[in-house]
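Asker: model02.csv is reproduced in full below (CSV, C-alpha atoms and all ligand atoms).
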```
chain,number,residue,atom,x,y,z
A,1,MET,CA,12.0,13.7,5.7
A,2,THR,CA,14.1,12.2,2.8
A,3,ARG,CA,13.5,11.3,-0.8
A,4,LEU,CA,12.9,7.7,0.3
A,5,THR,CA,10.1,8.6,2.7
A,6,ALA,CA,8.5,10.9,0.1
A,7,LEU,CA,8.7,8.3,-2.6
A,8,LEU,CA,7.3,5.4,-0.6
A,9,GLY,CA,5.0,7.4,1.7
A,10,LEU,CA,6.8,6.5,4.9
A,11,GLU,CA,7.2,8.4,8.2
A,12,LEU,CA,10.7,7.1,8.8
A,13,PRO,CA,13.4,6.4,6.1
A,14,LEU,CA,13.7,2.7,7.2
A,15,LEU,CA,12.7,-0.4,5.3
A,16,GLN,CA,12.3,-3.8,7.0
A,17,ALA,CA,14.0,-6.4,4.9
A,18,GLY,CA,11.9,-9.2,3.4
A,19,MET,CA,13.3,-12.3,5.2
A,20,GLY,CA,12.3,-15.8,4.4
A,21,ALA,CA,10.9,-17.7,7.5
A,22,VAL,CA,11.0,-14.4,9.4
A,23,ALA,CA,9.1,-11.6,7.7
A,24,GLY,CA,5.5,-12.9,7.4
A,25,PRO,CA,2.3,-10.9,7.5
A,26,ALA,CA,2.4,-10.1,11.3
A,27,LEU,CA,5.8,-8.4,11.1
A,28,CYS,CA,5.1,-6.6,7.9
A,29,VAL,CA,1.8,-5.2,9.3
A,30,GLU,CA,3.3,-4.0,12.5
A,31,VAL,CA,6.3,-2.3,10.9
A,32,SER,CA,4.0,-0.6,8.4
A,33,ARG,CA,1.5,0.6,11.0
A,34,ALA,CA,4.5,2.1,12.9
A,35,GLY,CA,5.4,4.3,9.9
A,36,ALA,CA,8.4,2.3,8.4
A,37,GLY,CA,8.5,0.2,5.3
A,38,GLY,CA,7.1,-3.2,6.3
A,39,THR,CA,7.9,-5.9,3.8
A,40,LEU,CA,6.4,-9.4,3.2
A,41,ALA,CA,8.9,-12.0,2.2
A,42,LEU,CA,7.7,-14.2,-0.6
A,43,TYR,CA,10.8,-16.3,-0.9
A,44,LYS,CA,9.6,-19.7,-2.2
A,45,GLU,CA,5.9,-19.0,-1.6
A,46,PRO,CA,3.7,-20.6,-4.3
A,47,PRO,CA,1.9,-17.7,-6.2
A,48,ALA,CA,-1.6,-18.5,-4.8
A,49,ARG,CA,-0.5,-18.5,-1.2
A,50,ALA,CA,1.6,-15.4,-1.8
A,51,ALA,CA,-1.5,-13.6,-3.1
A,52,ARG,CA,-3.4,-14.7,0.0
A,53,LEU,CA,-0.6,-13.4,2.3
A,54,VAL,CA,-0.6,-10.0,0.5
A,55,ARG,CA,-4.4,-9.8,1.0
A,56,GLU,CA,-3.9,-10.6,4.7
A,57,VAL,CA,-1.3,-7.8,5.1
A,58,ALA,CA,-3.4,-5.3,3.1
A,59,ALA,CA,-6.3,-5.9,5.4
A,60,GLY,CA,-4.2,-5.1,8.5
A,61,THR,CA,-2.1,-2.1,7.6
A,62,GLY,CA,-4.9,0.5,7.7
A,63,GLY,CA,-3.9,1.8,4.3
A,64,ARG,CA,-0.2,2.3,5.2
A,65,PRO,CA,2.2,1.4,2.5
A,66,PHE,CA,4.0,-1.9,2.6
A,67,GLY,CA,6.2,-3.9,0.2
A,68,VAL,CA,6.5,-7.5,-1.1
A,69,ASN,CA,10.0,-9.1,-1.6
A,70,VAL,CA,11.1,-11.5,-4.2
A,71,VAL,CA,14.3,-13.4,-4.7
A,72,PRO,CA,14.6,-14.3,-8.4
A,73,GLU,CA,17.9,-16.1,-7.8
A,74,VAL,CA,16.1,-18.7,-5.7
A,75,THR,CA,12.8,-19.0,-7.5
A,76,GLY,CA,14.2,-18.7,-11.1
A,77,PRO,CA,13.0,-16.0,-13.4
A,78,ASP,CA,9.8,-17.7,-14.5
A,79,ARG,CA,8.5,-18.5,-11.0
A,80,CYS,CA,9.4,-15.0,-9.9
A,81,LEU,CA,7.3,-13.5,-12.7
A,82,GLU,CA,4.4,-15.9,-11.6
A,83,GLN,CA,4.7,-14.7,-8.0
A,84,LEU,CA,4.8,-11.1,-9.1
A,85,ARG,CA,1.8,-11.4,-11.4
A,86,ALA,CA,-0.2,-13.1,-8.6
A,87,VAL,CA,0.7,-10.5,-5.9
A,88,LEU,CA,0.5,-7.4,-8.1
A,89,ARG,CA,-3.2,-8.0,-8.5
A,90,GLU,CA,-3.5,-7.7,-4.7
A,91,LEU,CA,-1.0,-5.1,-3.8
A,92,PRO,CA,-2.6,-1.7,-2.9
A,93,ALA,CA,-1.7,1.3,-5.1
A,94,ASN,CA,0.8,2.6,-2.5
A,95,GLY,CA,2.6,-0.7,-2.2
A,96,PHE,CA,6.2,-1.3,-3.4
A,97,VAL,CA,8.2,-4.3,-4.6
A,98,THR,CA,11.7,-5.1,-3.3
A,99,VAL,CA,14.0,-7.5,-5.2
A,100,PHE,CA,17.1,-9.2,-3.9
A,101,GLY,CA,19.6,-9.0,-6.7
A,102,LEU,CA,18.8,-7.9,-10.2
A,103,PRO,CA,15.3,-8.6,-11.6
A,104,ALA,CA,14.9,-9.9,-15.1
A,105,GLU,CA,13.7,-7.2,-17.5
A,106,ASP,CA,10.2,-8.6,-17.8
A,107,ALA,CA,9.8,-8.8,-14.0
A,108,ALA,CA,11.0,-5.2,-13.7
A,109,ARG,CA,8.6,-4.1,-16.5
A,110,ALA,CA,5.6,-5.9,-14.8
A,111,VAL,CA,6.2,-4.0,-11.5
A,112,ARG,CA,6.6,-0.7,-13.3
A,113,ALA,CA,3.5,-1.3,-15.5
A,114,ALA,CA,1.5,-1.9,-12.4
A,115,GLY,CA,2.6,1.5,-11.1
A,116,HIS,CA,4.6,0.4,-8.0
A,117,PRO,CA,8.1,1.6,-7.1
A,118,LEU,CA,10.7,-1.0,-7.8
A,119,VAL,CA,13.3,-1.3,-5.0
A,120,VAL,CA,16.4,-3.3,-6.0
A,121,GLN,CA,19.1,-4.5,-3.6
A,122,VAL,CA,22.6,-4.7,-5.1
A,123,GLY,CA,26.1,-5.2,-3.8
A,124,ALA,CA,28.3,-3.7,-6.5
A,125,PRO,CA,28.4,-0.4,-8.4
A,126,ALA,CA,28.0,-2.1,-11.8
A,127,ASP,CA,24.8,-3.8,-10.6
A,128,ALA,CA,23.5,-0.4,-9.4
A,129,ASP,CA,23.9,0.9,-12.9
A,130,THR,CA,22.0,-2.1,-14.3
A,131,ALA,CA,19.2,-1.9,-11.7
A,132,LEU,CA,18.7,1.8,-12.6
A,133,ALA,CA,18.7,1.0,-16.3
A,134,ARG,CA,15.9,-1.6,-15.5
A,135,GLY,CA,13.8,1.1,-13.9
A,136,ALA,CA,14.6,0.8,-10.2
A,137,ALA,CA,13.1,3.7,-8.3
A,138,VAL,CA,15.2,2.9,-5.2
A,139,LEU,CA,18.5,1.1,-4.9
A,140,VAL,CA,19.4,-0.7,-1.7
A,141,LEU,CA,23.1,-0.9,-1.4
A,142,GLN,CA,24.1,-4.0,0.6
A,143,GLY,CA,27.4,-4.0,2.4
A,144,ILE,CA,29.4,-7.0,3.5
A,145,GLU,CA,28.3,-6.3,7.1
A,146,ALA,CA,24.8,-7.5,6.2
A,147,GLY,CA,23.1,-10.6,7.5
A,148,GLY,CA,21.9,-13.2,5.0
A,149,HIS,CA,23.1,-13.8,1.5
A,150,LEU,CA,25.7,-11.3,0.2
A,151,LEU,CA,25.4,-9.6,-3.1
A,152,GLY,CA,28.9,-8.1,-3.1
A,153,GLY,CA,32.0,-7.8,-1.0
A,154,GLN,CA,32.4,-4.1,-0.2
A,155,PRO,CA,31.8,-2.3,3.1
A,156,VAL,CA,28.6,-0.4,3.0
A,157,ASP,CA,30.2,3.0,3.4
A,158,SER,CA,32.5,2.6,0.4
A,159,LEU,CA,29.7,1.2,-1.7
A,160,LEU,CA,27.5,4.1,-0.9
A,161,ALA,CA,30.2,6.6,-1.7
A,162,ALA,CA,31.0,4.9,-5.0
A,163,VAL,CA,27.3,4.7,-6.1
A,164,ARG,CA,26.5,8.2,-5.0
A,165,ILE,CA,29.3,9.6,-7.2
A,166,ARG,CA,28.0,7.7,-10.2
A,167,HIS,CA,24.3,8.5,-9.5
A,168,PRO,CA,24.0,11.8,-7.7
A,169,HIS,CA,20.2,11.9,-8.0
A,170,ALA,CA,19.3,8.3,-7.3
A,171,VAL,CA,17.3,7.3,-4.2
A,172,LEU,CA,19.7,5.2,-2.2
A,173,ALA,CA,19.2,3.1,0.9
A,174,VAL,CA,22.0,1.2,2.7
A,175,ALA,CA,21.7,-2.3,4.1
A,176,GLY,CA,24.0,-3.8,6.6
A,177,GLY,CA,25.0,-2.4,10.0
A,178,ILE,CA,21.7,-0.6,10.8
A,179,ALA,CA,20.2,-1.2,14.3
A,180,THR,CA,19.7,2.2,15.9
A,181,GLY,CA,18.5,5.7,15.0
A,182,GLU,CA,22.1,6.9,15.2
A,183,ASP,CA,23.1,4.3,12.6
A,184,LEU,CA,20.3,5.6,10.4
A,185,ALA,CA,21.3,9.2,10.9
A,186,ASP,CA,24.9,8.4,10.1
A,187,ALA,CA,23.9,6.7,6.9
A,188,VAL,CA,21.8,9.8,5.9
A,189,ALA,CA,24.6,12.1,6.8
A,190,ARG,CA,26.9,10.1,4.5
A,191,GLY,CA,24.6,10.6,1.5
A,192,ALA,CA,22.0,7.9,1.8
A,193,ASP,CA,18.2,8.6,1.6
A,194,GLY,CA,17.5,5.9,4.2
A,195,ALA,CA,18.3,2.3,5.1
A,196,MET,CA,17.0,-1.3,5.2
A,197,ALA,CA,17.4,-3.5,8.2
A,198,GLY,CA,16.9,-7.2,8.6
A,199,THR,CA,18.7,-8.6,11.7
A,200,LEU,CA,17.1,-5.8,13.8
A,201,PHE,CA,13.7,-7.3,13.2
A,202,VAL,CA,14.6,-11.0,13.7
A,203,PRO,CA,13.9,-10.9,17.4
A,204,ALA,CA,10.7,-8.8,17.1
A,205,ALA,CA,7.6,-10.2,18.9
A,206,GLU,CA,5.8,-10.4,15.5
A,207,SER,CA,8.8,-12.1,13.7
A,208,ALA,CA,8.1,-15.6,12.5
A,209,ALA,CA,11.7,-16.7,13.5
A,210,HIS,CA,12.2,-19.7,15.8
A,211,PRO,CA,12.6,-18.6,19.5
A,212,GLU,CA,16.1,-20.1,19.6
A,213,PHE,CA,17.1,-18.0,16.5
A,214,LYS,CA,15.7,-14.8,18.2
A,215,ARG,CA,17.5,-15.6,21.4
A,216,ARG,CA,20.8,-16.2,19.6
A,217,VAL,CA,20.6,-12.9,17.6
A,218,VAL,CA,19.9,-11.0,20.8
A,219,GLU,CA,22.9,-12.6,22.6
A,220,ALA,CA,25.3,-12.4,19.6
A,221,VAL,CA,28.0,-9.8,18.9
A,222,ALA,CA,29.4,-9.1,15.5
A,223,GLU,CA,32.3,-11.6,16.0
A,224,ASP,CA,29.8,-14.4,16.5
A,225,THR,CA,28.9,-14.0,12.8
A,226,VAL,CA,30.8,-15.6,9.9
A,227,ILE,CA,30.6,-15.5,6.1
A,228,THR,CA,30.3,-19.1,4.7
A,229,SER,CA,29.0,-20.9,1.7
A,230,LEU,CA,27.9,-24.0,3.7
A,231,PHE,CA,24.1,-23.6,3.7
A,232,GLU,CA,23.7,-24.0,0.0
A,233,ILE,CA,20.9,-26.6,-0.4
A,234,GLY,CA,18.1,-24.7,-2.1
A,235,TRP,CA,20.2,-21.6,-2.7
A,236,PRO,CA,23.7,-22.4,-4.1
A,237,HIS,CA,26.5,-20.2,-5.2
A,238,ARG,CA,25.9,-17.3,-2.9
A,239,PRO,CA,27.9,-16.7,0.3
A,240,HIS,CA,26.0,-15.7,3.4
A,241,ARG,CA,26.6,-14.3,6.8
A,242,VAL,CA,25.2,-16.5,9.6
A,243,LEU,CA,25.8,-17.1,13.3
A,244,ARG,CA,28.6,-19.5,14.0
A,245,ASN,CA,27.4,-23.0,15.0
A,246,SER,CA,28.7,-26.6,15.1
A,247,LEU,CA,28.6,-26.9,11.3
A,248,THR,CA,30.6,-23.7,10.6
A,249,ALA,CA,33.1,-24.8,13.2
A,250,ALA,CA,33.5,-28.4,11.9
A,251,ALA,CA,36.6,-29.3,10.0
A,252,GLU,CA,34.7,-31.7,7.8
A,253,ARG,CA,31.3,-31.9,6.1
A,254,THR,CA,28.9,-34.4,7.6
A,255,PRO,CA,26.2,-36.1,5.5
A,256,ALA,CA,23.2,-33.9,4.5
A,257,ALA,CA,20.7,-36.0,6.4
A,258,PHE,CA,17.3,-34.5,7.4
A,259,ILE,CA,17.7,-32.7,10.7
A,260,ALA,CA,14.5,-30.8,11.1
A,261,THR,CA,10.9,-30.3,9.9
A,262,THR,CA,9.2,-27.0,9.0
A,263,ARG,CA,5.4,-26.8,8.6
A,264,VAL,CA,3.7,-24.5,6.1
A,265,ASP,CA,-0.1,-24.4,6.2
A,266,GLY,CA,0.1,-27.6,8.4
A,267,ARG,CA,2.1,-29.6,5.8
A,268,PRO,CA,5.5,-30.9,7.0
A,269,TYR,CA,8.6,-30.1,4.9
A,270,PRO,CA,11.9,-32.0,5.9
A,271,VAL,CA,15.0,-29.8,6.2
A,272,PRO,CA,18.3,-31.3,5.3
A,273,ARG,CA,21.6,-30.3,7.0
A,274,TYR,CA,23.2,-27.5,5.0
A,275,SER,CA,19.7,-26.3,3.8
A,276,ALA,CA,19.4,-22.5,3.1
A,277,ALA,CA,16.2,-22.5,5.1
A,278,ALA,CA,16.3,-20.5,8.3
A,279,PRO,CA,14.5,-21.9,11.4
A,280,GLY,CA,10.9,-20.5,11.7
A,281,ALA,CA,8.4,-20.7,14.5
A,282,THR,CA,7.0,-24.0,13.1
A,283,THR,CA,10.4,-25.7,12.8
A,284,THR,CA,11.2,-28.6,15.0
A,285,GLY,CA,14.3,-30.7,15.3
A,286,ARG,CA,18.0,-29.7,15.4
A,287,VAL,CA,17.3,-26.0,15.0
A,288,GLU,CA,20.8,-25.1,16.3
A,289,GLU,CA,22.4,-26.7,13.2
A,290,MET,CA,20.3,-24.6,10.8
A,291,ALA,CA,21.3,-21.4,9.0
A,292,MET,CA,20.7,-18.4,11.4
A,293,TYR,CA,21.3,-15.5,9.1
A,294,CYS,CA,22.6,-12.5,11.1
A,295,GLY,CA,24.4,-9.3,10.4
A,296,ARG,CA,27.2,-7.6,12.3
A,297,SER,CA,24.6,-5.1,13.6
A,298,CYS,CA,23.5,-7.8,16.1
A,299,THR,CA,25.9,-6.3,18.6
A,300,ARG,CA,23.4,-3.4,19.0
A,301,VAL,CA,20.2,-5.6,18.6
A,302,THR,CA,18.4,-5.9,21.9
A,303,ALA,CA,15.7,-8.1,23.5
A,304,PRO,CA,12.6,-9.1,21.7
A,305,ARG,CA,10.0,-6.3,21.7
A,306,PRO,CA,7.0,-5.5,19.6
A,307,ALA,CA,8.2,-4.1,16.3
A,308,ALA,CA,6.3,-0.9,16.9
A,309,ALA,CA,8.4,-0.3,20.1
A,310,THR,CA,11.6,-0.8,18.2
A,311,ILE,CA,10.5,1.7,15.5
A,312,ALA,CA,9.4,4.3,18.1
A,313,ARG,CA,12.8,4.0,19.7
A,314,ILE,CA,14.6,4.3,16.4
A,315,ARG,CA,12.5,7.3,15.4
A,316,GLN,CA,13.4,9.0,18.6
A,317,GLU,CA,17.1,8.3,18.3
A,318,TYR,CA,17.1,9.4,14.7
A,319,GLU,CA,15.4,12.7,15.5
A,320,ASN,CA,17.7,13.3,18.4
A,321,ALA,CA,20.8,12.6,16.2
A,322,ARG,CA,19.5,14.8,13.4
A,323,VAL,CA,18.9,17.7,15.9
A,324,LEU,CA,22.4,17.3,17.4
A,325,ARG,CA,23.9,17.3,13.9
A,326,ALA,CA,22.0,20.4,12.9
A,327,GLY,CA,23.1,22.1,16.1
A,328,ALA,CA,26.7,21.2,15.4
A,329,HIS,CA,26.4,22.7,11.9
A,330,THR,CA,24.8,26.0,13.0
A,331,SER,CA,27.1,26.7,16.0
A,332,ALA,CA,30.2,26.9,13.9
A,333,PRO,CA,33.5,27.6,15.6
A,334,PRO,CA,34.5,31.3,15.7
A,335,THR,CA,36.4,32.4,12.6
A,336,PRO,CA,39.6,34.4,12.9
A,337,HIS,CA,37.7,37.5,11.8
A,338,ARG,CA,35.2,37.1,14.8
A,339,ILE,CA,38.0,36.6,17.2
A,340,GLN,CA,39.6,39.9,16.0
A,341,GLU,CA,36.2,41.7,16.5
A,342,LYS,CA,36.3,40.7,20.1
A,401,LIG,C1,17.3,-13.8,8.6
A,401,LIG,C2,17.6,-13.0,7.3
A,401,LIG,C3,16.9,-13.5,6.2
A,401,LIG,C4,17.0,-12.7,5.0
A,401,LIG,N1,16.2,-13.1,3.9
A,401,LIG,C5,16.1,-12.3,2.8
A,401,LIG,C6,15.1,-12.5,1.8
A,401,LIG,O1,14.4,-13.4,1.9
A,401,LIG,N2,15.1,-11.5,0.8
A,401,LIG,C7,15.9,-10.4,0.8
A,401,LIG,O2,15.7,-9.6,-0.1
A,401,LIG,N3,16.9,-10.3,1.7
A,401,LIG,C8,17.0,-11.1,2.7
A,401,LIG,N4,17.9,-10.9,3.7
A,401,LIG,C9,19.0,-9.8,3.5
A,401,LIG,C10,18.4,-8.4,3.8
A,401,LIG,O3,17.7,-8.0,2.6
A,401,LIG,C11,19.5,-7.4,4.1
A,401,LIG,O4,20.5,-7.4,3.1
A,401,LIG,C12,20.2,-7.5,5.4
A,401,LIG,O5,19.2,-8.0,6.4
A,401,LIG,C13,20.8,-6.3,5.8
A,401,LIG,O6,21.7,-6.5,6.9
A,401,LIG,P1,21.3,-6.5,8.4
A,401,LIG,O7,20.7,-7.9,8.6
A,401,LIG,O8,22.5,-6.4,9.2
A,401,LIG,O9,20.3,-5.5,8.7
A,401,LIG,C14,17.9,-11.6,4.9
A,401,LIG,C15,18.6,-11.2,6.0
A,401,LIG,C16,18.4,-11.9,7.2
A,401,LIG,C17,19.2,-11.4,8.4
```
Since I need it in another form, could you write the structure as structure tokens?

Answerer:
Amino acid sequence: MTRLTALLGLELPLLQAGMGAVAGPALCVEVSRAGAGGTLALYKEPPARAARLVREVAAGTGGRPFGVNVVPEVTGPDRCLEQLRAVLRELPANGFVTVFGLPAEDAARAVRAAGHPLVVQVGAPADADTALARGAAVLVLQGIEAGGHLLGGQPVDSLLAAVRIRHPHAVLAVAGGIATGEDLADAVARGADGAMAGTLFVPAAESAAHPEFKRRVVEAVAEDTVITSLFEIGWPHRPHRVLRNSLTAAAERTPAAFIATTRVDGRPYPVPRYSAAAPGATTTGRVEEMAMYCGRSCTRVTAPRPAAATIARIRQEYENARVLRAGAHTSAPPTPHRIQEK
């Protein structure tokens, strides 16, 4: 349907964002099986565990394409390359790799050499240029409306317009503000080849987010989100959009004591106040004080449902919106000439 679907082998031009603590194998599998671009978040996963998770997803998708997501800014370039080397051995031939921010040249080369499309998320036109120069097959243009860490400061529409003028033939997806099929159709009408959504999938039945996180995203409206730099332990120097909570409202910083515990493979990891970690299903403690990343699209995000049901709904809305737009274009208003003929 678009160059994005053709390139990645999808049925719908929608990618699910890789999201630390949220986008584990279960979500990735369900999104991919439903025809969209499911993506496994590798975030800080050790390489051996990351490879195991990729094998798990590959066994569940029935041959449908899926992606893996790395965040070099968090892992550092060396660890990112280790993660990539470990997972590229396991990624099926039709898999793709998404990167939050610019990948180092050797990381980009490793993905390309393995024959997988490189999908790079950027937030500024100059970074779009660099990502293409490093061999990105798809650019994800993140607007300031997005949930999570922010790569730029521009509204998504103006970023798309600016990059489209610079790169008329690039495959472009937008990120930020996408929660319905109408949103997706709007983005395509403005010149995008598709979109990436994160917040939309946080409340999904298969999401690994903590139930309180899911509930708050469903209840929130755009004004309940705020851009802050508070949750910087483990991921400094990068503003992020989160749901407002007692920490974002506080006039002063309180000590960064341990407030929660997250378990990975049964092992407990303490979470300090102001940690960048989002609350997952295995997190216990003062979850309400943790970073609940959330985009302005939350206004249109509805109750938890299986991801497949959400994608079926979006697909229907998208098709309806495309049909309506095509109809609007073909039934042009009468020209003065036609009026004279009457
Ligand atoms: C809970 C959450 C966690 C995120 N974690 C990641 C991540 O690990 N890697 C990544 O590439 N992007 C991450 N993002 C950002 C997304 O890639 C994307 O920019 C964003 O979700 C788009 O805006 P939306 O949430 O309004 O759809 C995260 C977003 C959210 C909401």

Asker: Which residues, written as number ranges by chain, have at least one atom at most 7 Å from region 218-222 of chain A, with all atoms listed in the file counted and residues fewer than 3 positions away on the same chain left out?

Answerer: A: 203, 214-215, 225, 296-299, 301-303

Asker: Hey, can you check how far CA of Asp106 (chain A) sits from atom N4 of ligand LIG 401 (chain A)?

Answerer: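 Distance reported for this atom pair: 23.0 Å.
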
Asker: Just how far from CA of Leu7 (chain A) is CA of Lys44 (chain A), in Å to one decimal?

Answerer: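 If I compute the distance from CA of Lys44 (chain A) to CA of Leu7 (chain A), I get 28.0 Å.
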
Asker: Produce the centre coordinates and the three edge lengths, each in Å to one decimal, of the box along x, y and z that contains all listed atoms of region 87-92 of chain A with 4 Å added on each side, as AutoDock Vina command-line options.

Answerer:
```
--center_x -1.4 --center_y -6.1 --center_z -5.7 --size_x 12.2 --size_y 16.8 --size_z 13.6
```

Asker: Output the neighbourhood of ligand LIG 401 (chain A) as a ChimeraX atom specification, that is, all protein and nucleic acid residues with some atom at most 6 Å from the ligand, counting all atoms listed in the file.

Answerer: /A:17-20,41,43,69,71,99-100,142,146-148,175-178,197-199,293-297

Asker: Point out the residue among A:Glu206, A:Glu288, A:Glu145, A:Asp129 with the least atom-to-atom distance to Ala26 (chain A), counting only C-alpha atoms.

Answerer: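 Closest residue, counting only C-alpha atoms: A:Glu206.
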
Asker: With distances taken over only C-alpha atoms, which residue among A:Ala161, A:Leu91, A:Val138, A:Leu8 lies nearest Ala187 (chain A)?

Answerer: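 With only C-alpha atoms as the atom set, the closest residue is A:Ala161.
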
Asker: Could you check how far CA of Val111 (chain A) sits from CA of Pro72 (chain A), in Å to one decimal?

Answerer: 13.6 Å

Asker: With a distance cut-off of 12 Å and all atoms listed in the file, select the neighbouring residues of Glu252 (chain A), excluding the residue or stretch itself and same-chain residues fewer than 5 positions from it, and output the selection as a list in words.

Answerer: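 Returned residues: Leu230, Ser246 and Leu247 of chain A.
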